Amino acid sequence: METAIKVAFASTDMKHIDQHFGAAESFAIYAISPDGAQLVEATQFGKLAMDGNEDKLDTKIKVLAGCVAVYSQAVGASAVAKLKAANIQPVKVSAGAEIAALIEALQDELRQGPTAWLAQAIKRMQGPSAARFDSMEAEGWDE
């Protein structure tokens, strides 16, 4: 798949967003490109209390490594900060939102030109470009 992005959805049934990020029992992780989507991983955490325990956030964020976004019903301030530090965009959607519809919307966005956050995520995923060396050279940079 060309320019596939990885996106996680907080879901127990793998069809709908039905979990808060911090208390999510499972994530459906998809690779999404303009022309296709494939479930690449379904993670399970078991029941977790919404108790403010930061350790469980770190575990979840490790599982989401490589994802550009995570969709959930809600996400707390400390989780937002940790997700953003890991270059993962938290996206809040209404309870019961269908994963298939969210994937379709992302595919449309990829085809038509990504919004600001998605464009930034793709840029980060592709890594620094060699063009930065050209600009360094133009500024008279030397070893």
# chains A, B, ... in the order shown; residues from 1 in each chain; ligands from 1
$ residues_around --residues "region 86-95 of chain A" --least-positions-apart "4" --cutoff "12 Å" --atoms "only C-alpha atoms" --output "PyMOL selection string"
chain A and resi 5-11+15-22+57-58+60-82+99+101-102+116-125
$ select_by_dssp --residues "region 4-141 of chain A" --states "strand (DSSP E or B)" --output "ChimeraX atom specification"
/A:5-10,16,26-33,36-44,67-72,89-92,98
$ residues_around --residues "region 31-37 of chain A" --least-positions-apart "3" --cutoff "6 Å" --atoms "only C-alpha atoms" --output "list in words"
Thr3, Ala4, Ile5, Lys6, Gln107, Leu110 and Arg111 of chain A
$ closest_residue --among "A:Gln126, A:Thr59, A:Gln112, A:Thr43" --to "Ala28 (chain A)" --atoms "only C-alpha atoms"
A:Thr43
$ residues_around --residues "Gln44 (chain A)" --least-positions-apart "2" --cutoff "8 Å" --atoms "only C-alpha atoms" --output "number ranges by chain"
A: 25-27, 42, 46
$ write_last_selection --atoms "C-alpha atoms" --output "short mmCIF file (atom, residue, chain, number, x, y, z; two decimals), in the first residue's frame"
data_model
loop_
_atom_site.label_atom_id
_atom_site.label_comp_id
_atom_site.auth_asym_id
_atom_site.auth_seq_id
_atom_site.Cartn_x
_atom_site.Cartn_y
_atom_site.Cartn_z
CA GLU A 25 -9.79 -2.76 26.83
CA SER A 26 -8.74 -3.12 23.20
CA PHE A 27 -7.67 -1.26 20.07
CA ALA A 42 -6.13 -6.12 17.52
CA GLY A 46 -8.52 -6.56 29.78
#
$ atom_distance --atom1 "CA of Ala24 (chain A)" --atom2 "CA of Ile103 (chain A)"
19.4 Å
